[in-house]
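K.L.:
Below you'll find the structure I mean.
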Amino acid sequence: MRLDELLDELQVRIDAVRGTRDRVHSLLEAVMSVGRELDLAQVLRRIVEAAALLVDAEYGALGVIGPDGRRLSQFLTVGLSDEAIAEIGPLPAGHGLLGEVIRHPEPLRLSDLGAHSSSYGFPAHHPPMRTFLGVPIRVRDEVFGNLYLTDKRAGVDFDTEDETVISTLSVAAGVAIDNARLYEGSQRQQRWLKANAEITANLLSGSSRAAVLELIARRAQEITGSLQADVAMPVEGADGLVVEFATGAESHARQGLVVPIAGTLSGTAHRTADPVASAHAAEDDRYPADAQVREGTGPAVAVPLGTAGGESRGVLLLARPAGAPAFGEGELEPLVAFAGQAAIALELAERRRDAEQIALLEERDRIARDLHDLAIQRLFATGMTLQSAARLVEHAGAADRIGRAVDDLDETIKIIRSTIFGLRTKDRGSVPGLRARAARAVGEAATTLGHPPRLSMEGLLDTDVPAPVADHVMAVLGELLSNAARHAQATRVGVTLKAASAEIVLTVTDNGKGIPAQGSRSGLRNLDERARGLGGTFTVDSPDGGGSRFVWRAPLPTGG
């Protein structure tokens with residue numbers, strides 16, 4: 001009997017040794033599997049899968065700690081289907097028991113997680129869980145995140161050996177994460193350098209400012225893996241920024257938005273001339289007025305494009321979907337450098353535009369001088385000659401014709417002098433231009449509408465539109481925005497102002513209830529009269545998708 005007991009005990013120990021050997025072998029395989037990857041997302045996925053497999057846990061998760069050190073910016077799960085995750089709702093942010101491991105980065109083992117003082121319970125549709133093992137993952141001296149494992153199969157508790165195995169895996173995971181981040185950083189740096197070179201090449205080849213803005217937004221979105229990228233520029237005389245180019249999800253709804261300075265990411269970055277980041281932009285109470293940030297938006301960052309007078313020359317806003325990694329220091333540094341390079345490109349584009357404007361003004365001055373020194377003098381001399389010749393003409397009819405010709409020459413001289421005055425005074429007044437006035441009006445309309453309208457402006461609005469016509473445009477724009485606020489019940493309003501082909505065109509669209517057939521049209525008649533008084537037109541129609549579209553046109557002078 002004693003021999004049988006000894007043999008049984010020996011067999012148990014042999015099985016235990018074999019089990020330990022198998023577990024060490026599995027741990028080594030897991031370490032090699034994790035260390036083999038260089039893509040950070042794949043590394044994180046393999047870590048949590050290996051951890052759940054090593055301790056035979058039914059559920060596993062890896063939470064990445066955000067920049068604030070208190071909340072989770074990313075949460076990867078194992079054991080839950082996509083349907084179950086969708087039913088549960090928003091991913092954990094790091095409160096309750098998960099936050100306990102964040103606040104105290106040491107291994108934590110529990111037989112009943114519901115009995116812990118930090119446990120808040122589970123949301124609706126969450127599967128029941130009892131046993132718990134949490135272990136921090138350190139990357140060098142930084143706590144990168146935590147491994148969470150629940151419900152060891154067979155209904156037993158996690159033991160000391162499980163804790164040791166996961167702690168060992170977490171050390172290897174920290175090394176693998178560090179390597180993946182270094183590799184990712186070097187690859188990202190190469191892409192930023194390539195993007196900078198592309199922007200410089202486009203600038204030197206004479207690309208337009210709009211093309212440069214588009215290139216900046218698209219390359220930044222691609223390199224950072226963002227859901228959206230917006231470039232917002234300040235408008236002189238208006239207290240806000242206008243989104244001049246938007247790409248990504250719902251870009252059409254953001255293009256032309258007037259963004260307030262206060263209560264927005266872009267406005268704060270513009271005012272402070274420093275990068276501003278948020279790990280949960282859609283829920284950030286610091287930016288309640290941010291219409292650029294839509295529901296479902298996660299981490300976001302706004303980076304100034306150069307500085308002038310303590311404020312930025314523009315702002316690049318990038319946003320990722322909810323649950324995506326936050327923008328860390330390793331990403332912000334090259335992003336700020338890219339924004340600085342982009343700002344130089346924009347400044348050079350502005351300098352080129354200024355040089356073209358100066359050349360245009362100099363050409364106007366030359367034309368004015370030539371008209372004064374050559375044309376007017378010759379016309380005046382011709383008139384004097386005709387007046388002298390009229391005294392020698394005895395035929396009454398011929399003398400009258402000569403007199404009328406002299407009068408016509410005098411009138412022509414007056415017209416030329418008026419043209420010279422216009423050439424020399426154009427663009428030299430201190431009154432805000434039409435572009436700034438339109439941006440201010442649209443920004444102010446956001447209060448009465450309940451949402452910011454979209455604004456798009458094209459052409460030389462400040463150069464080619466005379467002041468009287470600009471005043472008519474502003475009156476029409478104000479009336480149409482007021483109508484949209486009072487009668488349309490619209491949730492989306494768009495404004496397009498374009499100066500081209502010797503005319504100015506103002507288009508205002510909305511998705512409201514449209515123009516009633518028997519409704520009062522006195523205000524619209526006034527707008528039509530303004531257009532007709534300038535030789536233009538005013539039309540009203542309903543787009544295929546519903547709502548209203550108002551198009552107001554007026555001709556522009558073609559001379560000068």
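Letters A, B, ... mark the chains of the structure tokens in the order given; residue numbers begin at 1 per chain; ligand numbers begin at 1, in order shown.
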Residues near Ala300 in chain A, anyone? I mean within 8 Å using only C-alpha atoms, not counting same-chain ones fewer than 3 positions away, as a list in words.
P.N.:
Ala277, Ser278, Ala279, His280, Ala281, Thr297, Leu317, Leu318, Ala319, Arg320, Ala326 and Phe327 of chain A
K.L.:
Write a file of the just-selected residues containing all heavy atoms, as a PDB file, in the first residue's frame.
P.N.:
ATOM      1  N   ALA A 277      -4.867  69.264 -27.421  1.00  0.00           N
ATOM      2  CA  ALA A 277      -5.300  67.882 -27.653  1.00  0.00           C
ATOM      3  C   ALA A 277      -6.396  67.510 -26.675  1.00  0.00           C
ATOM      4  O   ALA A 277      -6.497  68.059 -25.578  1.00  0.00           O
ATOM      5  CB  ALA A 277      -4.122  66.915 -27.527  1.00  0.00           C
ATOM      6  N   SER A 278      -7.223  66.552 -27.093  1.00  0.00           N
ATOM      7  CA  SER A 278      -8.279  66.013 -26.236  1.00  0.00           C
ATOM      8  C   SER A 278      -8.379  64.520 -26.502  1.00  0.00           C
ATOM      9  O   SER A 278      -8.434  64.085 -27.660  1.00  0.00           O
ATOM     10  CB  SER A 278      -9.621  66.693 -26.516  1.00  0.00           C
ATOM     11  OG  SER A 278     -10.659  66.072 -25.782  1.00  0.00           O
ATOM     12  N   ALA A 279      -8.394  63.732 -25.439  1.00  0.00           N
ATOM     13  CA  ALA A 279      -8.488  62.273 -25.589  1.00  0.00           C
ATOM     14  C   ALA A 279      -9.898  61.834 -25.936  1.00  0.00           C
ATOM     15  O   ALA A 279     -10.100  60.767 -26.528  1.00  0.00           O
ATOM     16  CB  ALA A 279      -8.014  61.579 -24.314  1.00  0.00           C
ATOM     17  N   HIS A 280     -10.899  62.635 -25.563  1.00  0.00           N
ATOM     18  CA  HIS A 280     -12.309  62.318 -25.839  1.00  0.00           C
ATOM     19  C   HIS A 280     -12.999  63.613 -26.282  1.00  0.00           C
ATOM     20  O   HIS A 280     -13.752  64.226 -25.532  1.00  0.00           O
ATOM     21  CB  HIS A 280     -12.985  61.737 -24.600  1.00  0.00           C
ATOM     22  CG  HIS A 280     -12.280  60.539 -24.040  1.00  0.00           C
ATOM     23  ND1 HIS A 280     -12.517  59.253 -24.475  1.00  0.00           N
ATOM     24  CD2 HIS A 280     -11.311  60.427 -23.090  1.00  0.00           C
ATOM     25  CE1 HIS A 280     -11.748  58.418 -23.808  1.00  0.00           C
ATOM     26  NE2 HIS A 280     -11.004  59.103 -22.968  1.00  0.00           N
ATOM     27  N   ALA A 281     -12.742  64.015 -27.521  1.00  0.00           N
ATOM     28  CA  ALA A 281     -13.171  65.344 -27.982  1.00  0.00           C
ATOM     29  C   ALA A 281     -14.681  65.519 -27.948  1.00  0.00           C
ATOM     30  O   ALA A 281     -15.179  66.590 -27.597  1.00  0.00           O
ATOM     31  CB  ALA A 281     -12.641  65.589 -29.394  1.00  0.00           C
ATOM     32  N   THR A 297     -16.679  60.966 -32.355  1.00  0.00           N
ATOM     33  CA  THR A 297     -15.282  61.375 -32.448  1.00  0.00           C
ATOM     34  C   THR A 297     -14.562  61.069 -31.144  1.00  0.00           C
ATOM     35  O   THR A 297     -15.085  61.300 -30.061  1.00  0.00           O
ATOM     36  CB  THR A 297     -15.185  62.884 -32.745  1.00  0.00           C
ATOM     37  OG1 THR A 297     -15.874  63.162 -33.962  1.00  0.00           O
ATOM     38  CG2 THR A 297     -13.731  63.318 -32.884  1.00  0.00           C
ATOM     39  N   LEU A 317      -6.815  70.706 -37.769  1.00  0.00           N
ATOM     40  CA  LEU A 317      -7.510  69.859 -36.799  1.00  0.00           C
ATOM     41  C   LEU A 317      -7.563  68.426 -37.310  1.00  0.00           C
ATOM     42  O   LEU A 317      -7.981  68.182 -38.445  1.00  0.00           O
ATOM     43  CB  LEU A 317      -8.937  70.365 -36.560  1.00  0.00           C
ATOM     44  CG  LEU A 317      -9.779  69.482 -35.634  1.00  0.00           C
ATOM     45  CD1 LEU A 317      -9.416  69.726 -34.182  1.00  0.00           C
ATOM     46  CD2 LEU A 317     -11.266  69.717 -35.842  1.00  0.00           C
ATOM     47  N   LEU A 318      -7.128  67.482 -36.469  1.00  0.00           N
ATOM     48  CA  LEU A 318      -7.177  66.063 -36.795  1.00  0.00           C
ATOM     49  C   LEU A 318      -7.984  65.344 -35.721  1.00  0.00           C
ATOM     50  O   LEU A 318      -7.841  65.641 -34.533  1.00  0.00           O
ATOM     51  CB  LEU A 318      -5.769  65.469 -36.858  1.00  0.00           C
ATOM     52  CG  LEU A 318      -4.821  66.094 -37.892  1.00  0.00           C
ATOM     53  CD1 LEU A 318      -3.398  65.627 -37.652  1.00  0.00           C
ATOM     54  CD2 LEU A 318      -5.263  65.736 -39.301  1.00  0.00           C
ATOM     55  N   ALA A 319      -8.819  64.405 -36.117  1.00  0.00           N
ATOM     56  CA  ALA A 319      -9.647  63.664 -35.157  1.00  0.00           C
ATOM     57  C   ALA A 319      -9.714  62.197 -35.562  1.00  0.00           C
ATOM     58  O   ALA A 319      -9.807  61.873 -36.750  1.00  0.00           O
ATOM     59  CB  ALA A 319     -11.052  64.258 -35.081  1.00  0.00           C
ATOM     60  N   ARG A 320      -9.661  61.331 -34.551  1.00  0.00           N
ATOM     61  CA  ARG A 320      -9.768  59.892 -34.756  1.00  0.00           C
ATOM     62  C   ARG A 320     -11.108  59.393 -34.225  1.00  0.00           C
ATOM     63  O   ARG A 320     -11.744  60.068 -33.416  1.00  0.00           O
ATOM     64  CB  ARG A 320      -8.623  59.176 -34.030  1.00  0.00           C
ATOM     65  CG  ARG A 320      -7.265  59.381 -34.679  1.00  0.00           C
ATOM     66  CD  ARG A 320      -6.151  58.850 -33.817  1.00  0.00           C
ATOM     67  NE  ARG A 320      -4.858  58.911 -34.507  1.00  0.00           N
ATOM     68  CZ  ARG A 320      -3.687  58.846 -33.905  1.00  0.00           C
ATOM     69  NH1 ARG A 320      -3.627  58.717 -32.574  1.00  0.00           N
ATOM     70  NH2 ARG A 320      -2.575  58.906 -34.598  1.00  0.00           N
ATOM     71  N   ALA A 326      -5.013  57.857 -28.387  1.00  0.00           N
ATOM     72  CA  ALA A 326      -4.884  59.310 -28.289  1.00  0.00           C
ATOM     73  C   ALA A 326      -3.597  59.769 -28.954  1.00  0.00           C
ATOM     74  O   ALA A 326      -2.679  58.986 -29.186  1.00  0.00           O
ATOM     75  CB  ALA A 326      -4.900  59.733 -26.822  1.00  0.00           C
ATOM     76  N   PHE A 327      -3.526  61.046 -29.283  1.00  0.00           N
ATOM     77  CA  PHE A 327      -2.328  61.623 -29.877  1.00  0.00           C
ATOM     78  C   PHE A 327      -1.286  61.812 -28.766  1.00  0.00           C
ATOM     79  O   PHE A 327      -1.462  62.647 -27.874  1.00  0.00           O
ATOM     80  CB  PHE A 327      -2.634  62.959 -30.543  1.00  0.00           C
ATOM     81  CG  PHE A 327      -3.480  62.834 -31.775  1.00  0.00           C
ATOM     82  CD1 PHE A 327      -4.865  62.867 -31.695  1.00  0.00           C
ATOM     83  CD2 PHE A 327      -2.897  62.674 -33.024  1.00  0.00           C
ATOM     84  CE1 PHE A 327      -5.654  62.749 -32.823  1.00  0.00           C
ATOM     85  CE2 PHE A 327      -3.679  62.550 -34.164  1.00  0.00           C
ATOM     86  CZ  PHE A 327      -5.062  62.585 -34.072  1.00  0.00           C
TER      87      PHE A 327
END
K.L.:
Neighbours of Ala337 in chain A within 10 Å (only C-alpha atoms; same-chain residues fewer than 3 positions away dropped), as a PDB file with C-alpha atoms, in the first residue's frame?
P.N.:
ATOM      1  CA  TRP A 192       6.326  63.310 -42.562  1.00  0.00           C
ATOM      2  CA  LEU A 193       9.584  64.137 -44.353  1.00  0.00           C
ATOM      3  CA  ASN A 196       7.036  68.078 -46.373  1.00  0.00           C
ATOM      4  CA  VAL A 303      -2.134  72.363 -34.306  1.00  0.00           C
ATOM      5  CA  LEU A 305       0.003  76.721 -38.674  1.00  0.00           C
ATOM      6  CA  LEU A 332       2.759  65.598 -31.638  1.00  0.00           C
ATOM      7  CA  GLU A 333       6.423  66.500 -32.137  1.00  0.00           C
ATOM      8  CA  PRO A 334       6.627  65.570 -35.853  1.00  0.00           C
ATOM      9  CA  GLY A 340       5.479  74.626 -39.146  1.00  0.00           C
ATOM     10  CA  GLN A 341       6.665  73.596 -42.601  1.00  0.00           C
ATOM     11  CA  ALA A 342       3.112  73.888 -43.900  1.00  0.00           C
ATOM     12  CA  ALA A 343       2.881  77.379 -42.381  1.00  0.00           C
TER      13      ALA A 343
END
K.L.:
Using only C-alpha atoms, determine which residues lie at most 12 Å from His104 in chain A, disregarding the query and same-chain residues fewer than 5 positions distant; provide the list as an MDAnalysis selection string.
P.N.:
chainID A and resid 69:70 97:99 134:136 143 145:146
K.L.:
With a distance cut-off of 7 Å and only C-alpha atoms, select the neighbouring residues of range 76-91 of chain A, excluding the residue or stretch itself and same-chain residues fewer than 3 positions from it, and output the selection as a PyMOL selection string.
P.N.:
chain A and resi 49+58-63+123-126
K.L.:
Please report, as a Markdown table, each residue of range 239-349 of chain A lying at most 9 Å from range 199-216 of chain A, together with the nearest pair of atoms and the separation in Å rounded to one decimal; use only C-alpha atoms, and order rows by chain and ascending residue number.
P.N.:
| residue | atom | partner | partner_atom | distance |
| --- | --- | --- | --- | --- |
| A:Glu244 | CA | A:Leu213 | CA | 7.9 |
| A:Phe245 | CA | A:Glu214 | CA | 6.2 |
| A:Ala246 | CA | A:Glu214 | CA | 7.9 |
| A:Thr247 | CA | A:Glu214 | CA | 8.3 |
| A:Leu316 | CA | A:Ile216 | CA | 8.4 |
| A:Phe338 | CA | A:Ile216 | CA | 8.8 |
| A:Ala339 | CA | A:Ile216 | CA | 8.3 |
| A:Gln341 | CA | A:Thr200 | CA | 8.5 |
| A:Ala342 | CA | A:Ile216 | CA | 6.8 |
| A:Ala345 | CA | A:Leu203 | CA | 6.5 |
| A:Leu346 | CA | A:Arg209 | CA | 6.9 |
| A:Leu348 | CA | A:Leu203 | CA | 8.0 |
| A:Ala349 | CA | A:Arg209 | CA | 6.0 |
K.L.:
What is the CA of Asp112 in chain A-CA of Asp159 in chain A distance in Å, reported with one decimal?
P.N.:
13.3 Å
K.L.:
From the options A:Arg492, A:His270, A:His252, A:Arg401, which residue's atoms come nearest to Ala446 in chain A, counting only C-alpha atoms?
P.N.:
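Counting only C-alpha atoms, the residue closest to Ala446 in chain A is A:Arg492.
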K.L.:
Which neighbours of Glu503 in chain A fall inside 12 Å, counting only C-alpha atoms, when residues of the same chain fewer than 3 positions from it are skipped, and could you give them as a PyMOL selection string?
P.N.:
chain A and resi 459-461+464-466+469-470+473+497-500+506+531+534-537+552-558
K.L.:
Just list as a compact mmCIF listing (two decimals) with N, CA and C atoms, in the first residue's frame whatever in range 484-545 of chain A DSSP marks as strand (DSSP E).
P.N.:
# COMPACT_ATOMS: atom_id res chain seq x y z
N VAL A 493 -27.69 75.06 -43.36
CA VAL A 493 -27.73 76.23 -44.26
C VAL A 493 -26.35 76.38 -44.89
N GLY A 494 -26.31 76.59 -46.19
CA GLY A 494 -25.06 76.78 -46.90
C GLY A 494 -25.04 78.11 -47.63
N VAL A 495 -23.90 78.79 -47.60
CA VAL A 495 -23.74 80.09 -48.27
C VAL A 495 -22.53 79.99 -49.20
N THR A 496 -22.73 80.33 -50.46
CA THR A 496 -21.64 80.36 -51.44
C THR A 496 -21.59 81.75 -52.07
N LEU A 497 -20.43 82.36 -52.04
CA LEU A 497 -20.23 83.70 -52.61
C LEU A 497 -19.08 83.60 -53.61
N LYS A 498 -19.38 83.94 -54.86
CA LYS A 498 -18.39 83.71 -55.92
C LYS A 498 -18.34 84.92 -56.85
N ALA A 499 -17.12 85.39 -57.10
CA ALA A 499 -16.91 86.48 -58.07
C ALA A 499 -16.12 85.92 -59.25
N ALA A 500 -16.80 85.82 -60.40
CA ALA A 500 -16.14 85.26 -61.58
C ALA A 500 -16.99 85.59 -62.80
N GLU A 503 -19.35 88.70 -63.03
CA GLU A 503 -20.54 88.81 -62.20
C GLU A 503 -20.25 88.25 -60.81
N ILE A 504 -21.06 88.67 -59.86
CA ILE A 504 -20.98 88.12 -58.51
C ILE A 504 -22.25 87.33 -58.27
N VAL A 505 -22.08 86.13 -57.69
CA VAL A 505 -23.20 85.22 -57.47
C VAL A 505 -23.25 84.84 -56.00
N LEU A 506 -24.37 85.11 -55.37
CA LEU A 506 -24.61 84.70 -53.98
C LEU A 506 -25.66 83.61 -53.99
N THR A 507 -25.31 82.44 -53.42
CA THR A 507 -26.23 81.31 -53.37
C THR A 507 -26.43 80.90 -51.91
N VAL A 508 -27.66 80.85 -51.46
CA VAL A 508 -27.99 80.41 -50.10
C VAL A 508 -28.94 79.23 -50.21
N THR A 509 -28.57 78.10 -49.61
CA THR A 509 -29.40 76.89 -49.64
C THR A 509 -29.72 76.45 -48.22
N ASP A 510 -30.85 75.78 -48.07
CA ASP A 510 -31.20 75.21 -46.76
C ASP A 510 -32.01 73.94 -46.98
N THR A 537 -30.15 89.32 -61.65
CA THR A 537 -31.33 88.47 -61.52
C THR A 537 -31.37 87.87 -60.11
N PHE A 538 -32.58 87.42 -59.72
CA PHE A 538 -32.77 86.73 -58.44
C PHE A 538 -33.75 85.59 -58.68
N THR A 539 -33.34 84.36 -58.36
CA THR A 539 -34.18 83.19 -58.59
C THR A 539 -34.34 82.40 -57.30
N VAL A 540 -35.49 81.73 -57.19
CA VAL A 540 -35.80 80.87 -56.05
C VAL A 540 -36.29 79.54 -56.59
N ASP A 541 -35.73 78.42 -56.09
CA ASP A 541 -36.22 77.11 -56.48
C ASP A 541 -36.03 76.13 -55.33
K.L.:
Please provide the set of residues having any atom within 7 Å of range 40-46 of chain A, restricted to only C-alpha atoms, with same-chain residues fewer than 6 positions apart removed, written as a list in words.
P.N.:
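Counting only C-alpha atoms, the residues come to Val34, Ile177, Ala180 and Arg181 of chain A.
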K.L.:
I need the chosen residues saved as a CSV table (one decimal), in the first residue's frame, with N, CA and C atoms.
P.N.:
chain,number,residue,atom,x,y,z
A,34,VAL,N,4.6,37.6,-29.6
A,34,VAL,CA,4.4,39.0,-29.3
A,34,VAL,C,5.6,39.8,-29.9
A,177,ILE,N,6.2,46.3,-27.1
A,177,ILE,CA,5.5,47.5,-27.4
A,177,ILE,C,6.5,48.6,-27.6
A,180,ALA,N,7.9,48.2,-31.1
A,180,ALA,CA,6.9,48.6,-32.1
A,180,ALA,C,6.7,50.1,-32.2
A,181,ARG,N,6.8,50.7,-31.0
A,181,ARG,CA,6.6,52.2,-31.1
A,181,ARG,C,7.8,52.9,-31.7
K.L.:
Hey, can you check how far CA of Ile515 in chain A sits from CA of Ala488 in chain A?
P.N.:
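CA of Ile515 in chain A sits 7.9 Å away from CA of Ala488 in chain A.
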K.L.:
Could you list, as a list in words, every residue within 8 Å of Pro304 in chain A, counting only C-alpha atoms and ignoring same-chain residues fewer than 5 positions away?
P.N.:
Ala269, His270, Ala273, Asp274, Pro275, Ser312, Arg313, Gly314, Val315, Leu316, Val336 and Ala339 of chain A
K.L.:
One number please: CA of Glu311 in chain A to CA of Val259 in chain A, in Å, one decimal.
P.N.:
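Taking CA of Glu311 in chain A and CA of Val259 in chain A, their separation equals 15.2 Å.
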K.L.:
Quick one: of A:Glu329, A:Leu227, A:Ala381, A:Glu458, who's nearest to Asp410 in chain A, counting only C-alpha atoms?
P.N.:
A:Ala381
K.L.:
Can you list, as a PyMOL selection string, every residue of range 19-100 of chain A that DSSP puts in alpha helix (DSSP H)?
P.N.:
chain A and resi 19-36+40-54+82-88+96-100
